[in-house]
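Coordinates from model_18.tsv are shown below (TSV, C-alpha atoms).
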chain	number	residue	atom	x	y	z
P	1	MET	CA	52.25	6.20	0.86
P	2	LYS	CA	54.91	8.56	2.11
P	3	ILE	CA	54.31	9.64	5.70
P	4	TYR	CA	57.72	11.09	6.56
P	5	ALA	CA	60.28	13.08	4.62
P	6	ASP	CA	63.42	11.46	3.19
P	7	ARG	CA	65.84	14.17	4.28
P	8	PHE	CA	67.07	14.31	7.87
P	9	PRO	CA	66.11	17.74	9.24
P	10	LYS	CA	62.56	17.63	7.89
P	11	ALA	CA	62.02	13.97	8.85
P	12	ALA	CA	63.35	14.57	12.38
P	13	ARG	CA	61.02	17.55	12.85
P	14	GLN	CA	58.05	15.52	11.64
P	15	VAL	CA	58.80	12.56	13.94
P	16	LEU	CA	59.37	14.89	16.90
P	17	THR	CA	56.17	16.81	16.19
P	18	ASP	CA	54.15	13.60	15.86
P	19	LEU	CA	55.54	12.32	19.17
P	20	LEU	CA	54.72	15.63	20.85
P	21	VAL	CA	51.17	15.50	19.48
P	22	ILE	CA	50.74	11.93	20.79
P	23	ALA	CA	52.05	13.02	24.20
P	24	TRP	CA	49.75	16.09	24.12
P	25	VAL	CA	46.68	13.95	23.39
P	26	TYR	CA	47.65	11.39	26.05
P	27	LEU	CA	48.24	14.06	28.72
P	28	SER	CA	45.00	15.83	27.75
P	29	ILE	CA	43.04	12.60	28.21
P	30	ARG	CA	44.78	11.90	31.53
P	31	PHE	CA	44.04	15.44	32.76
P	32	SER	CA	40.42	15.10	31.71
P	33	MET	CA	40.12	11.80	33.60
P	34	TRP	CA	41.82	13.30	36.66
P	35	LEU	CA	39.43	16.26	36.60
P	36	HIS	CA	36.48	13.89	36.29
P	37	ASP	CA	37.66	11.84	39.29
P	38	LEU	CA	38.36	14.99	41.32
P	39	ILE	CA	34.85	16.36	40.77
P	40	GLN	CA	33.33	12.94	41.45
P	41	LYS	CA	34.68	13.22	45.01
P	42	LEU	CA	32.06	15.91	45.57
P	43	ALA	CA	29.48	13.11	45.37
P	44	VAL	CA	30.74	11.52	48.61
P	45	PRO	CA	28.42	13.61	50.86
P	46	GLY	CA	25.51	12.61	48.62
P	47	GLN	CA	26.47	8.94	48.94
P	48	LYS	CA	26.60	9.24	52.73
P	49	LEU	CA	23.30	11.11	52.77
P	50	GLU	CA	21.65	8.46	50.61
P	51	GLY	CA	23.04	5.66	52.76
P	52	ALA	CA	21.99	7.31	56.01
P	53	GLY	CA	18.51	8.11	54.65
P	54	THR	CA	18.04	4.56	53.39
P	55	ASP	CA	19.12	3.07	56.72
P	56	LEU	CA	16.87	5.42	58.68
P	57	ALA	CA	13.90	4.70	56.42
P	58	ARG	CA	14.44	0.95	56.84
P	59	ASN	CA	14.74	1.24	60.63
P	60	PHE	CA	11.64	3.41	60.94
P	61	SER	CA	9.68	1.06	58.66
P	62	GLU	CA	10.73	-1.99	60.68
P	63	THR	CA	9.82	-0.22	63.93
P	64	SER	CA	6.47	0.81	62.45
P	65	ASP	CA	5.80	-2.78	61.40
P	66	LYS	CA	6.59	-4.10	64.87
P	67	ILE	CA	4.44	-1.45	66.58
P	68	GLY	CA	1.66	-2.08	64.09
P	69	ARG	CA	1.42	-5.66	65.35
P	70	THR	CA	0.60	-4.40	68.87
P	71	PRO	CA	-3.03	-5.27	69.67
P	72	LEU	CA	-5.60	-2.45	69.85
P	73	VAL	CA	-3.26	0.59	69.74
P	74	GLY	CA	-0.73	-0.54	67.11
P	75	ASP	CA	-2.29	1.26	64.13
P	76	ASP	CA	-2.56	4.54	66.04
P	77	LEU	CA	1.11	4.52	67.05
P	78	THR	CA	2.61	3.75	63.62
P	79	GLY	CA	1.81	7.18	62.10
P	80	PRO	CA	4.86	9.09	63.42
P	81	PHE	CA	7.20	6.27	62.41
P	82	ASP	CA	5.73	6.09	58.91
P	83	ARG	CA	6.14	9.86	58.52
P	84	ALA	CA	9.71	9.62	59.78
P	85	ALA	CA	10.38	6.82	57.27
P	86	ASP	CA	9.00	8.98	54.46
P	87	ALA	CA	11.23	11.88	55.54
P	88	ALA	CA	14.23	9.56	55.60
P	89	ARG	CA	13.38	8.34	52.07
P	90	SER	CA	13.24	11.98	50.92
P	91	LEU	CA	16.68	12.46	52.47
P	92	ALA	CA	18.00	9.42	50.59
P	93	GLU	CA	16.48	10.69	47.35
P	94	ALA	CA	18.13	14.10	47.85
P	95	GLY	CA	21.46	12.35	48.32
P	96	HIS	CA	20.89	10.33	45.15
P	97	ASN	CA	19.98	13.47	43.17
P	98	GLN	CA	23.12	15.22	44.42
P	99	GLN	CA	25.24	12.31	43.16
P	100	GLU	CA	23.60	12.46	39.74
P	101	GLN	CA	24.20	16.22	39.49
P	102	VAL	CA	27.86	15.78	40.46
P	103	ALA	CA	28.25	12.97	37.89
P	104	ASP	CA	26.75	15.20	35.16
P	105	LEU	CA	29.01	18.09	36.17
P	106	ALA	CA	32.09	15.86	36.22
P	107	LEU	CA	31.35	14.51	32.74
P	108	THR	CA	30.60	17.96	31.30
P	109	LEU	CA	33.74	19.59	32.69
P	110	ALA	CA	35.92	16.63	31.69
P	111	LEU	CA	34.63	16.82	28.11
P	112	LEU	CA	35.09	20.59	28.01
P	113	ALA	CA	38.67	20.18	29.27
P	114	LEU	CA	39.26	17.74	26.40
P	115	VAL	CA	37.68	19.83	23.64
P	116	PHE	CA	40.35	22.56	23.38
P	117	PRO	CA	43.46	20.30	23.19
P	118	LEU	CA	41.78	17.92	20.74
P	119	ALA	CA	40.56	20.85	18.64
P	120	LEU	CA	44.17	22.08	18.38
P	121	VAL	CA	45.18	18.66	17.07
P	122	LEU	CA	42.24	18.14	14.72
P	123	LEU	CA	42.06	21.69	13.36
P	124	GLY	CA	45.72	22.70	13.59
P	125	TRP	CA	48.20	19.84	13.33
P	126	LEU	CA	46.20	17.22	11.41
P	127	PRO	CA	45.29	19.33	8.34
P	128	LEU	CA	48.92	20.48	7.96
P	129	ARG	CA	50.18	16.92	8.32
P	130	LEU	CA	47.69	15.55	5.78
P	131	ARG	CA	48.48	18.38	3.35
P	132	TRP	CA	52.20	17.55	3.52
P	133	ILE	CA	51.48	13.83	2.98
P	134	ARG	CA	49.31	14.65	-0.05
P	135	ARG	CA	51.93	17.00	-1.54
P	136	ALA	CA	54.82	14.64	-0.81
P	137	ASN	CA	53.07	11.71	-2.47
P	138	ALA	CA	52.18	13.84	-5.48
P	139	ALA	CA	55.78	15.08	-5.72
P	140	THR	CA	57.11	11.52	-5.43
P	141	SER	CA	54.84	10.41	-8.27
P	142	LEU	CA	55.94	13.41	-10.37
P	143	ARG	CA	59.59	12.73	-9.61
P	144	ASN	CA	59.25	9.29	-11.19
P	145	ALA	CA	57.05	10.39	-14.13
P	146	PRO	CA	58.53	11.30	-17.55
P	147	ALA	CA	57.28	14.90	-17.54
P	148	GLY	CA	57.19	15.14	-13.77
P	149	ARG	CA	60.37	17.17	-13.39
P	150	ASP	CA	58.89	19.90	-15.59
P	151	LEU	CA	55.82	20.09	-13.34
P	152	LEU	CA	57.98	20.13	-10.21
P	153	ALA	CA	60.03	22.92	-11.76
P	154	LEU	CA	56.84	24.86	-12.50
P	155	ARG	CA	55.71	24.37	-8.92
P	156	ALA	CA	59.08	25.65	-7.70
P	157	LEU	CA	58.67	28.76	-9.88
P	158	THR	CA	55.35	29.53	-8.18
P	159	ASN	CA	56.29	28.57	-4.60
P	160	GLN	CA	59.96	29.33	-4.04
P	161	PRO	CA	61.29	32.73	-2.91
P	162	LEU	CA	62.80	34.90	-5.67
P	163	ARG	CA	66.26	34.92	-4.10
P	164	ARG	CA	66.47	31.13	-4.41
P	165	LEU	CA	65.18	31.16	-7.97
P	166	THR	CA	67.64	33.80	-9.13
P	167	LYS	CA	70.52	31.76	-7.69
P	168	ILE	CA	69.72	29.10	-10.27
P	169	ASP	CA	69.60	31.55	-13.19
P	170	PRO	CA	69.09	35.32	-13.28
P	171	ASP	CA	66.34	34.76	-15.88
P	172	VAL	CA	65.09	31.48	-14.49
P	173	ALA	CA	61.60	31.66	-16.02
P	174	GLU	CA	63.02	32.10	-19.51
P	175	ALA	CA	65.45	29.23	-18.96
P	176	TRP	CA	62.54	27.03	-17.83
P	177	ARG	CA	60.47	28.04	-20.90
P	178	ARG	CA	63.42	27.12	-23.16
P	179	GLY	CA	63.46	23.70	-21.50
P	180	ASP	CA	67.02	24.11	-20.23
P	181	GLU	CA	67.73	20.71	-18.62
P	182	SER	CA	70.01	21.98	-15.86
P	183	THR	CA	67.51	24.73	-14.90
P	184	VAL	CA	64.58	22.29	-14.89
P	185	ASP	CA	66.56	19.81	-12.79
P	186	ALA	CA	67.64	22.53	-10.37
P	187	LEU	CA	64.09	23.84	-10.00
P	188	ALA	CA	62.68	20.32	-9.50
P	189	ALA	CA	65.38	19.61	-6.92
P	190	LEU	CA	64.50	22.84	-5.12
P	191	GLU	CA	60.85	21.82	-4.86
P	192	LEU	CA	61.70	18.29	-3.71
P	193	ARG	CA	64.09	19.64	-1.06
P	194	ARG	CA	61.37	22.02	0.15
P	195	LEU	CA	59.22	18.98	0.90
P	196	GLY	CA	62.17	17.11	2.42
P	197	LEU	CA	62.27	14.52	-0.37
P	198	ARG	CA	65.20	12.92	-2.13
P	199	VAL	CA	66.21	14.62	-5.36
P	200	GLY	CA	67.18	11.37	-7.11
P	201	ARG	CA	64.62	8.76	-8.18

Kindly return the structure encoded in the file as structure tokens.
Amino acid sequence: MKIYADRFPKAARQVLTDLLVIAWVYLSIRFSMWLHDLIQKLAVPGQKLEGAGTDLARNFSETSDKIGRTPLVGDDLTGPFDRAADAARSLAEAGHNQQEQVADLALTLALLALVFPLALVLLGWLPLRLRWIRRANAATSLRNAPAGRDLLALRALTNQPLRRLTKIDPDVAEAWRRGDESTVDALAALELRRLGLRVGR
């Protein structure tokens, strides 16, 4: 399978473009990861809130347990501490929820930041690259086939600008219909050069 052109200018452009696309994808992924990490920093207050709430709830629960063991009045005195422990647990839960929301936001924005650059690659560069590979491989097969040069010449007649065709012969279509060898070879060479392929077999 032919991935790159044979001729220098076309091959150099293809290699350079492929390297730029690889760099573009790499930098897009790195930017997306950086954005994700940056937004994740917003979860720090939630982490502190959850930690503080958990510690408070544990302390109030332990205090309530100790007071509850006091004879006669223990059960009556534990109520405020139990309510304070519940409030602290609510605080910890709010901190946990804030972290989850930040994590969801970070993931969503990171994916959105990645969609546009990857769409450019998948919808712009990749189809063009695959089309060239398909055409170059077809042209290479035709170049080596017995009647391939005639088909390449026909393709040149349909694809090449008129000014290039008339340089070969003022009545190039008629010369091709006659089967003029030099015209057919010149037209086939024109089409192969357009794709950046070698003219010889």

Quick one: which range 72-183 of chain P residues come within 7 Å of range 7-29 of chain P, and what is the nearest atom pair for each with the distance in Å to one decimal, counting only C-alpha atoms, rows ordered by chain and ascending number, as JSON lines?
{"residue": "P:Leu114", "atom": "CA", "partner": "P:Ser28", "partner_atom": "CA", "distance": 6.2}
{"residue": "P:Pro117", "atom": "CA", "partner": "P:Ser28", "partner_atom": "CA", "distance": 6.6}
{"residue": "P:Leu118", "atom": "CA", "partner": "P:Val25", "partner_atom": "CA", "distance": 6.8}

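Restricting the calculation to all atoms listed in the file, the smallest distance between Arg194 in chain P and any of P:Ala119, P:Leu152, P:Leu162, P:Ala173 is found for P:Leu152.
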
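Counting from CA of Ala106 in chain P, the distance to CA of Leu35 in chain P is 7.4 Å.
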
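Between Asp185 in chain P and the residues P:Arg143, P:Lys167, P:Arg149, P:Arg198, the shortest atom-to-atom distance, using all atoms listed in the file, involves P:Arg149.
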
Is it possible to get the axis-aligned box enclosing range 80-92 of chain P (all listed atoms, 5 Å extra per side) as AutoDock Vina command-line options, with centre and edge lengths in Å rounded to one decimal?
--center_x 11.4 --center_y 9.3 --center_z 57.0 --size_x 23.1 --size_y 16.4 --size_z 22.8

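Of note, CA of Ala52 in chain P and CA of Asn97 in chain P are spaced 14.4 Å apart.
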
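Between CA of Tyr4 in chain P and CA of Phe116 in chain P the interatomic distance comes to 26.8 Å.
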
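With only C-alpha atoms as the atoms that count, the minimum distance from Arg30 in chain P to the choices P:Val44, P:Leu111, P:Ala88, P:Met1 is reached by P:Leu111.
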
Give me the residues within 10 Å of Lys48 in chain P as a PDB file with C-alpha atoms, keeping the file's coordinate frame, counting all atoms listed in the file and dropping any in the same chain fewer than 5 places off.
ATOM      1  CA  ALA P  43      29.480  13.110  45.370  1.00  0.00           C
ATOM      2  CA  GLY P  53      18.510   8.110  54.650  1.00  0.00           C
ATOM      3  CA  THR P  54      18.040   4.560  53.390  1.00  0.00           C
ATOM      4  CA  ALA P  92      18.000   9.420  50.590  1.00  0.00           C
ATOM      5  CA  GLY P  95      21.460  12.350  48.320  1.00  0.00           C
ATOM      6  CA  HIS P  96      20.890  10.330  45.150  1.00  0.00           C
TER       7      HIS P  96
END

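For the residues P:Asn144, P:Asp37, P:Ala84, P:Glu93, ranking by smallest atom-to-atom distance to Glu50 in chain P using only C-alpha atoms places P:Glu93 first.
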
Task: Contacts of Ile133 in chain P within 10 Å, only C-alpha atoms, excl. fewer than 3 positions in-chain, as a PyMOL selection string - done: chain P and resi 1-5+127-130+136-139+195

Starting from the incomplete input, reconstruct N, CA and C atoms of range 23-36 of chain P and write that as a compact mmCIF listing (two decimals), in the frame of the given file.
# COMPACT_ATOMS: atom_id res chain seq x y z
N ALA P 23 51.92 12.74 22.77
CA ALA P 23 52.05 13.02 24.20
C ALA P 23 51.00 14.04 24.65
N TRP P 24 50.75 15.05 23.80
CA TRP P 24 49.75 16.09 24.12
C TRP P 24 48.35 15.48 24.26
N VAL P 25 48.00 14.60 23.33
CA VAL P 25 46.68 13.95 23.39
C VAL P 25 46.58 13.05 24.62
N TYR P 26 47.65 12.28 24.89
CA TYR P 26 47.65 11.39 26.05
C TYR P 26 47.50 12.19 27.35
N LEU P 27 48.30 13.25 27.50
CA LEU P 27 48.24 14.06 28.72
C LEU P 27 46.90 14.77 28.85
N SER P 28 46.32 15.19 27.73
CA SER P 28 45.00 15.83 27.75
C SER P 28 43.94 14.86 28.25
N ILE P 29 44.00 13.62 27.77
CA ILE P 29 43.04 12.60 28.21
C ILE P 29 43.23 12.30 29.69
N ARG P 30 44.51 12.17 30.11
CA ARG P 30 44.78 11.90 31.53
C ARG P 30 44.29 13.04 32.41
N PHE P 31 44.52 14.29 31.97
CA PHE P 31 44.04 15.44 32.76
C PHE P 31 42.52 15.44 32.84
N SER P 32 41.88 15.13 31.73
CA SER P 32 40.42 15.10 31.71
C SER P 32 39.89 14.02 32.66
N MET P 33 40.53 12.86 32.68
CA MET P 33 40.12 11.80 33.60
C MET P 33 40.37 12.19 35.05
N TRP P 34 41.51 12.84 35.29
CA TRP P 34 41.82 13.30 36.66
C TRP P 34 40.79 14.32 37.13
N LEU P 35 40.44 15.26 36.26
CA LEU P 35 39.43 16.26 36.60
C LEU P 35 38.08 15.60 36.90
N HIS P 36 37.73 14.61 36.08
CA HIS P 36 36.48 13.89 36.29
C HIS P 36 36.47 13.22 37.67
